[in-house]
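The structure file run.cif is reproduced below (mmCIF, C-alpha atoms).
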```
data_protein
#
loop_
_atom_site.group_PDB
_atom_site.id
_atom_site.type_symbol
_atom_site.label_atom_id
_atom_site.label_comp_id
_atom_site.auth_asym_id
_atom_site.auth_seq_id
_atom_site.Cartn_x
_atom_site.Cartn_y
_atom_site.Cartn_z
ATOM 1 C CA MET A 1 14.604 3.598 -8.640
ATOM 2 C CA ARG A 2 11.087 3.366 -10.037
ATOM 3 C CA PHE A 3 9.925 4.604 -13.425
ATOM 4 C CA SER A 4 6.974 4.216 -15.736
ATOM 5 C CA ILE A 5 6.955 3.872 -19.512
ATOM 6 C CA THR A 6 3.904 4.285 -21.727
ATOM 7 C CA ILE A 7 4.079 2.854 -25.229
ATOM 8 C CA ASP A 8 1.420 4.698 -27.198
ATOM 9 C CA THR A 9 0.917 2.958 -30.513
ATOM 10 C CA GLU A 10 -1.827 1.501 -32.636
ATOM 11 C CA ASN A 11 0.376 -1.493 -33.454
ATOM 12 C CA GLU A 12 0.419 -3.987 -30.589
ATOM 13 C CA GLU A 13 3.138 -6.092 -32.242
ATOM 14 C CA THR A 14 5.507 -3.102 -32.338
ATOM 15 C CA ALA A 15 4.818 -2.339 -28.678
ATOM 16 C CA LEU A 16 5.466 -5.963 -27.654
ATOM 17 C CA ARG A 17 8.721 -6.059 -29.657
ATOM 18 C CA LEU A 18 9.866 -2.829 -27.996
ATOM 19 C CA LEU A 19 9.004 -4.220 -24.563
ATOM 20 C CA ALA A 20 10.892 -7.458 -25.321
ATOM 21 C CA ALA A 21 13.942 -5.470 -26.469
ATOM 22 C CA MET A 22 13.881 -3.408 -23.281
ATOM 23 C CA LYS A 23 13.693 -6.611 -21.204
ATOM 24 C CA ASP A 24 16.612 -8.122 -23.156
ATOM 25 C CA ALA A 25 18.663 -4.978 -22.530
ATOM 26 C CA GLY A 26 17.932 -5.258 -18.800
ATOM 27 C CA LEU A 27 15.945 -2.039 -18.695
ATOM 28 C CA VAL A 28 12.768 -3.775 -17.546
ATOM 29 C CA GLN A 29 12.461 -6.477 -14.960
ATOM 30 C CA SER A 30 9.401 -8.661 -14.697
ATOM 31 C CA PRO A 31 7.908 -8.193 -11.242
ATOM 32 C CA ALA A 32 8.426 -11.190 -9.008
ATOM 33 C CA GLU A 33 5.260 -13.160 -8.618
ATOM 34 C CA PRO A 34 4.162 -13.213 -5.000
ATOM 35 C CA VAL A 35 4.055 -16.633 -3.425
ATOM 36 C CA PRO A 36 0.374 -17.304 -2.695
ATOM 37 C CA GLY A 37 -0.453 -17.556 0.979
ATOM 38 C CA ASP A 38 2.865 -16.242 2.276
ATOM 39 C CA ALA A 39 1.333 -13.037 3.680
ATOM 40 C CA GLU A 40 -2.196 -12.637 4.985
ATOM 41 C CA VAL A 41 -2.268 -8.897 4.394
ATOM 42 C CA ARG A 42 -0.638 -7.432 1.304
ATOM 43 C CA ILE A 43 -0.477 -3.682 0.732
ATOM 44 C CA LEU A 44 -0.002 -2.572 -2.872
ATOM 45 C CA PRO A 45 0.913 1.139 -2.820
ATOM 46 C CA HIS A 46 1.151 1.420 -6.620
ATOM 47 C CA THR A 47 -2.536 0.449 -6.977
ATOM 48 C CA ARG A 48 -3.608 1.668 -3.514
ATOM 49 C CA GLN A 49 -5.067 -1.714 -2.636
ATOM 50 C CA VAL A 50 -5.111 -3.804 0.503
ATOM 51 C CA LEU A 51 -5.488 -7.547 -0.024
ATOM 52 C CA LEU A 52 -6.569 -9.881 2.756
ATOM 53 C CA ARG A 53 -5.830 -13.448 1.659
ATOM 54 C CA ASP A 54 -5.882 -12.198 -1.964
ATOM 55 C CA GLU A 55 -9.319 -10.564 -1.534
ATOM 56 C CA VAL A 56 -9.554 -6.785 -1.927
ATOM 57 C CA VAL A 57 -10.342 -4.883 1.271
ATOM 58 C CA GLU A 58 -12.129 -1.592 0.591
ATOM 59 C CA THR A 59 -10.456 1.228 2.505
ATOM 60 C CA THR A 60 -10.834 4.975 2.511
ATOM 61 C CA ARG A 61 -7.876 7.137 1.530
ATOM 62 C CA LEU A 62 -6.974 7.846 5.155
ATOM 63 C CA GLU A 63 -7.421 4.222 6.262
ATOM 64 C CA PHE A 64 -5.089 3.114 3.478
ATOM 65 C CA GLU A 65 -2.497 5.793 4.314
ATOM 66 C CA LEU A 66 -2.631 4.917 8.022
ATOM 67 C CA LEU A 67 -2.131 1.183 7.415
ATOM 68 C CA LEU A 68 0.603 1.860 4.864
ATOM 69 C CA HIS A 69 2.466 4.217 7.211
ATOM 70 C CA LEU A 70 2.338 1.754 10.109
ATOM 71 C CA CYS A 71 3.440 -1.196 7.960
ATOM 72 C CA LYS A 72 6.220 0.695 6.166
ATOM 73 C CA HIS A 73 7.706 1.511 9.581
ATOM 74 C CA PRO A 74 7.301 -1.744 11.531
ATOM 75 C CA ASP A 75 8.505 -2.492 15.057
ATOM 76 C CA ARG A 76 8.232 1.143 16.017
ATOM 77 C CA VAL A 77 5.638 2.750 18.258
ATOM 78 C CA HIS A 78 3.867 5.622 16.508
ATOM 79 C CA ARG A 79 2.362 8.252 18.786
ATOM 80 C CA ARG A 80 -1.073 9.562 17.888
ATOM 81 C CA ARG A 81 0.276 13.094 17.277
ATOM 82 C CA GLU A 82 2.950 11.683 14.965
ATOM 83 C CA LEU A 83 0.310 9.757 12.996
ATOM 84 C CA LEU A 84 -1.845 12.892 12.751
ATOM 85 C CA SER A 85 1.132 14.699 11.273
ATOM 86 C CA ALA A 86 2.320 11.916 8.937
ATOM 87 C CA VAL A 87 -1.070 10.701 7.651
ATOM 88 C CA TRP A 88 -3.427 13.659 8.058
ATOM 89 C CA GLY A 89 -0.866 16.457 7.696
ATOM 90 C CA ILE A 90 -2.060 18.079 10.935
ATOM 91 C CA ASP A 91 0.643 19.697 13.065
ATOM 92 C CA ASP A 92 -1.343 21.566 15.693
ATOM 93 C CA ASP A 93 -2.132 20.853 19.328
ATOM 94 C CA TYR A 94 -5.861 21.418 18.932
ATOM 95 C CA SER A 95 -6.874 18.553 16.649
ATOM 96 C CA GLY A 96 -8.208 15.541 18.461
ATOM 97 C CA ALA A 97 -5.917 12.549 18.584
ATOM 98 C CA ARG A 98 -8.992 10.338 18.996
ATOM 99 C CA THR A 99 -9.536 10.455 15.241
ATOM 100 C CA VAL A 100 -6.514 8.135 14.980
ATOM 101 C CA ASP A 101 -8.216 5.673 17.345
ATOM 102 C CA VAL A 102 -11.386 5.741 15.255
ATOM 103 C CA HIS A 103 -9.496 5.088 12.020
ATOM 104 C CA VAL A 104 -7.434 2.282 13.576
ATOM 105 C CA ARG A 105 -10.668 0.687 14.819
ATOM 106 C CA ARG A 106 -12.168 0.873 11.292
ATOM 107 C CA VAL A 107 -9.045 -0.636 9.689
ATOM 108 C CA ARG A 108 -9.068 -3.466 12.254
ATOM 109 C CA GLN A 109 -12.737 -4.166 11.547
ATOM 110 C CA LYS A 110 -12.001 -4.424 7.832
ATOM 111 C CA LEU A 111 -9.043 -6.755 8.427
ATOM 112 C CA GLY A 112 -11.171 -9.154 10.476
ATOM 113 C CA ASP A 113 -9.130 -11.914 12.120
ATOM 114 C CA ALA A 114 -5.918 -10.312 10.819
ATOM 115 C CA ALA A 115 -6.666 -7.135 12.817
ATOM 116 C CA ASP A 116 -3.873 -7.855 15.268
ATOM 117 C CA VAL A 117 -1.273 -6.764 12.704
ATOM 118 C CA ILE A 118 -1.903 -3.343 14.273
ATOM 119 C CA GLN A 119 -1.076 -3.465 17.965
ATOM 120 C CA THR A 120 -2.008 -0.925 20.622
ATOM 121 C CA VAL A 121 0.665 0.351 22.972
ATOM 122 C CA ARG A 122 -1.461 1.580 25.865
ATOM 123 C CA GLY A 123 -1.130 5.257 26.605
ATOM 124 C CA VAL A 124 1.311 5.802 23.748
ATOM 125 C CA GLY A 125 0.045 4.838 20.287
ATOM 126 C CA TYR A 126 0.170 2.011 17.743
ATOM 127 C CA LEU A 127 2.644 -0.245 16.025
ATOM 128 C CA ALA A 128 2.720 -2.848 13.311
ATOM 129 C CA ALA A 129 5.073 -5.637 14.305
ATOM 130 C CA SER A 130 7.199 -6.982 11.487
ATOM 131 C CA SER A 131 5.982 -10.432 10.610
ATOM 132 C CA SER A 132 5.319 -12.656 7.662
ATOM 133 C CA ARG A 133 1.588 -11.898 8.047
ATOM 134 C CA VAL A 134 1.821 -8.480 6.391
ATOM 135 C CA ARG A 135 3.844 -7.262 3.411
ATOM 136 C CA VAL A 136 4.122 -3.954 1.575
ATOM 137 C CA GLU A 137 4.725 -4.735 -2.102
ATOM 138 C CA ASP A 138 6.406 -1.891 -3.939
ATOM 139 C CA ALA A 139 6.518 -2.413 -7.707
ATOM 140 C CA ALA A 140 10.069 -2.163 -9.014
ATOM 141 C CA ASN A 141 9.063 -0.980 -12.474
ATOM 142 C CA VAL A 142 5.674 -0.435 -14.034
ATOM 143 C CA VAL A 143 5.335 -0.862 -17.779
ATOM 144 C CA ARG A 144 2.039 -0.129 -19.505
ATOM 145 C CA LEU A 145 1.107 -0.771 -23.086
ATOM 146 C CA ALA A 146 -1.449 1.765 -24.291
ATOM 147 C CA ASP A 147 -3.852 0.004 -26.619
ATOM 148 C CA ARG A 148 -5.940 2.570 -28.466
ATOM 149 C CA ARG A 149 -7.706 0.283 -30.908
ATOM 150 C CA ALA A 150 -11.222 1.377 -31.788
ATOM 151 C CA GLY A 151 -14.059 -0.811 -30.709
#
```
File written out as structure tokens:
Amino acid sequence: MRFSITIDTENEETALRLLAAMKDAGLVQSPAEPVPGDAEVRILPHTRQVLLRDEVVETTRLEFELLLHLCKHPDRVHRRRELLSAVWGIDDDYSGARTVDVHVRRVRQKLGDAADVIQTVRGVGYLAASSSRVRVEDAANVVRLADRRAG
């Protein structure tokens, strides 16, 4: 289960005490720090970022969704029509499946030497093989302190 809490207060000390009390009660867990270098490609859905060796890779909305979908469902061949439906929301027989190929090519270009995390299955579609090279990092809990101090 994932939830978000916003503490909206002018008093930072009060907000930090409340956060500490919630942690003590087991309501908030500190996110596990990723081990540096253990995955070449990290996908952070909660911030919609792709990191390649801890450097941000700029992706469009559809490129991000395509990479996320493939990596959330590893070791499974995804047909172009299925990807059109899942990522683009297109369920007709008239839309060109080549748009998937173009987007995969762009994602691979942006991933550079890590591009082989997306594999082509000739005549069928694409897959992301499960490996330690790529990881989707879902945040367990997100806690934000709203600091509305003037200045």
Residues matched by the PyMOL selection byres ((chain A and resi 64) around 10), written as an MDAnalysis selection string: chainID A and resid 43:45 48:50 57:63 65:69 87 103 107
Residue among A:Ala128, A:Arg133, A:Glu12, A:Asp24 lying closest to A:Pro74, counting all atoms listed in the file: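 Of all the options, A:Ala128 lies closest to A:Pro74.
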Selected residue of minimal separation from A:Val56 among A:Glu137, A:Asp101, A:Lys110, A:Asp93, counting all atoms listed in the file: A:Lys110
Resolved residues for the PyMOL selection byres ((chain A and resi 123) around 12) as a list in words: Val77, His78, Arg79, Arg80, Ala97, Asp101, Thr120, Val121, Arg122, Val124, Gly125 and Tyr126 of chain A
Kindly export the residues of the current selection with C-alpha atoms, as a PDB file, in the coordinates of the input.
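Dumped to out_1.pdb:
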```pdb
ATOM      1  CA  VAL A  77       5.638   2.750  18.258  1.00  0.00           C
ATOM      2  CA  HIS A  78       3.867   5.622  16.508  1.00  0.00           C
ATOM      3  CA  ARG A  79       2.362   8.252  18.786  1.00  0.00           C
ATOM      4  CA  ARG A  80      -1.073   9.562  17.888  1.00  0.00           C
ATOM      5  CA  ALA A  97      -5.917  12.549  18.584  1.00  0.00           C
ATOM      6  CA  ASP A 101      -8.216   5.673  17.345  1.00  0.00           C
ATOM      7  CA  THR A 120      -2.008  -0.925  20.622  1.00  0.00           C
ATOM      8  CA  VAL A 121       0.665   0.351  22.972  1.00  0.00           C
ATOM      9  CA  ARG A 122      -1.461   1.580  25.865  1.00  0.00           C
ATOM     10  CA  VAL A 124       1.311   5.802  23.748  1.00  0.00           C
ATOM     11  CA  GLY A 125       0.045   4.838  20.287  1.00  0.00           C
ATOM     12  CA  TYR A 126       0.170   2.011  17.743  1.00  0.00           C
TER      13      TYR A 126
END
```
Between atom CA of A:Ile118 and atom CA of A:Glu55 - distance in Å to one decimal: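 For atom CA of A:Glu55 relative to atom CA of A:Ile118, the distance reads 18.9 Å.
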Å distance separating atom CA of A:Arg106 from atom CA of A:Leu70, one decimal place: 14.6 Å
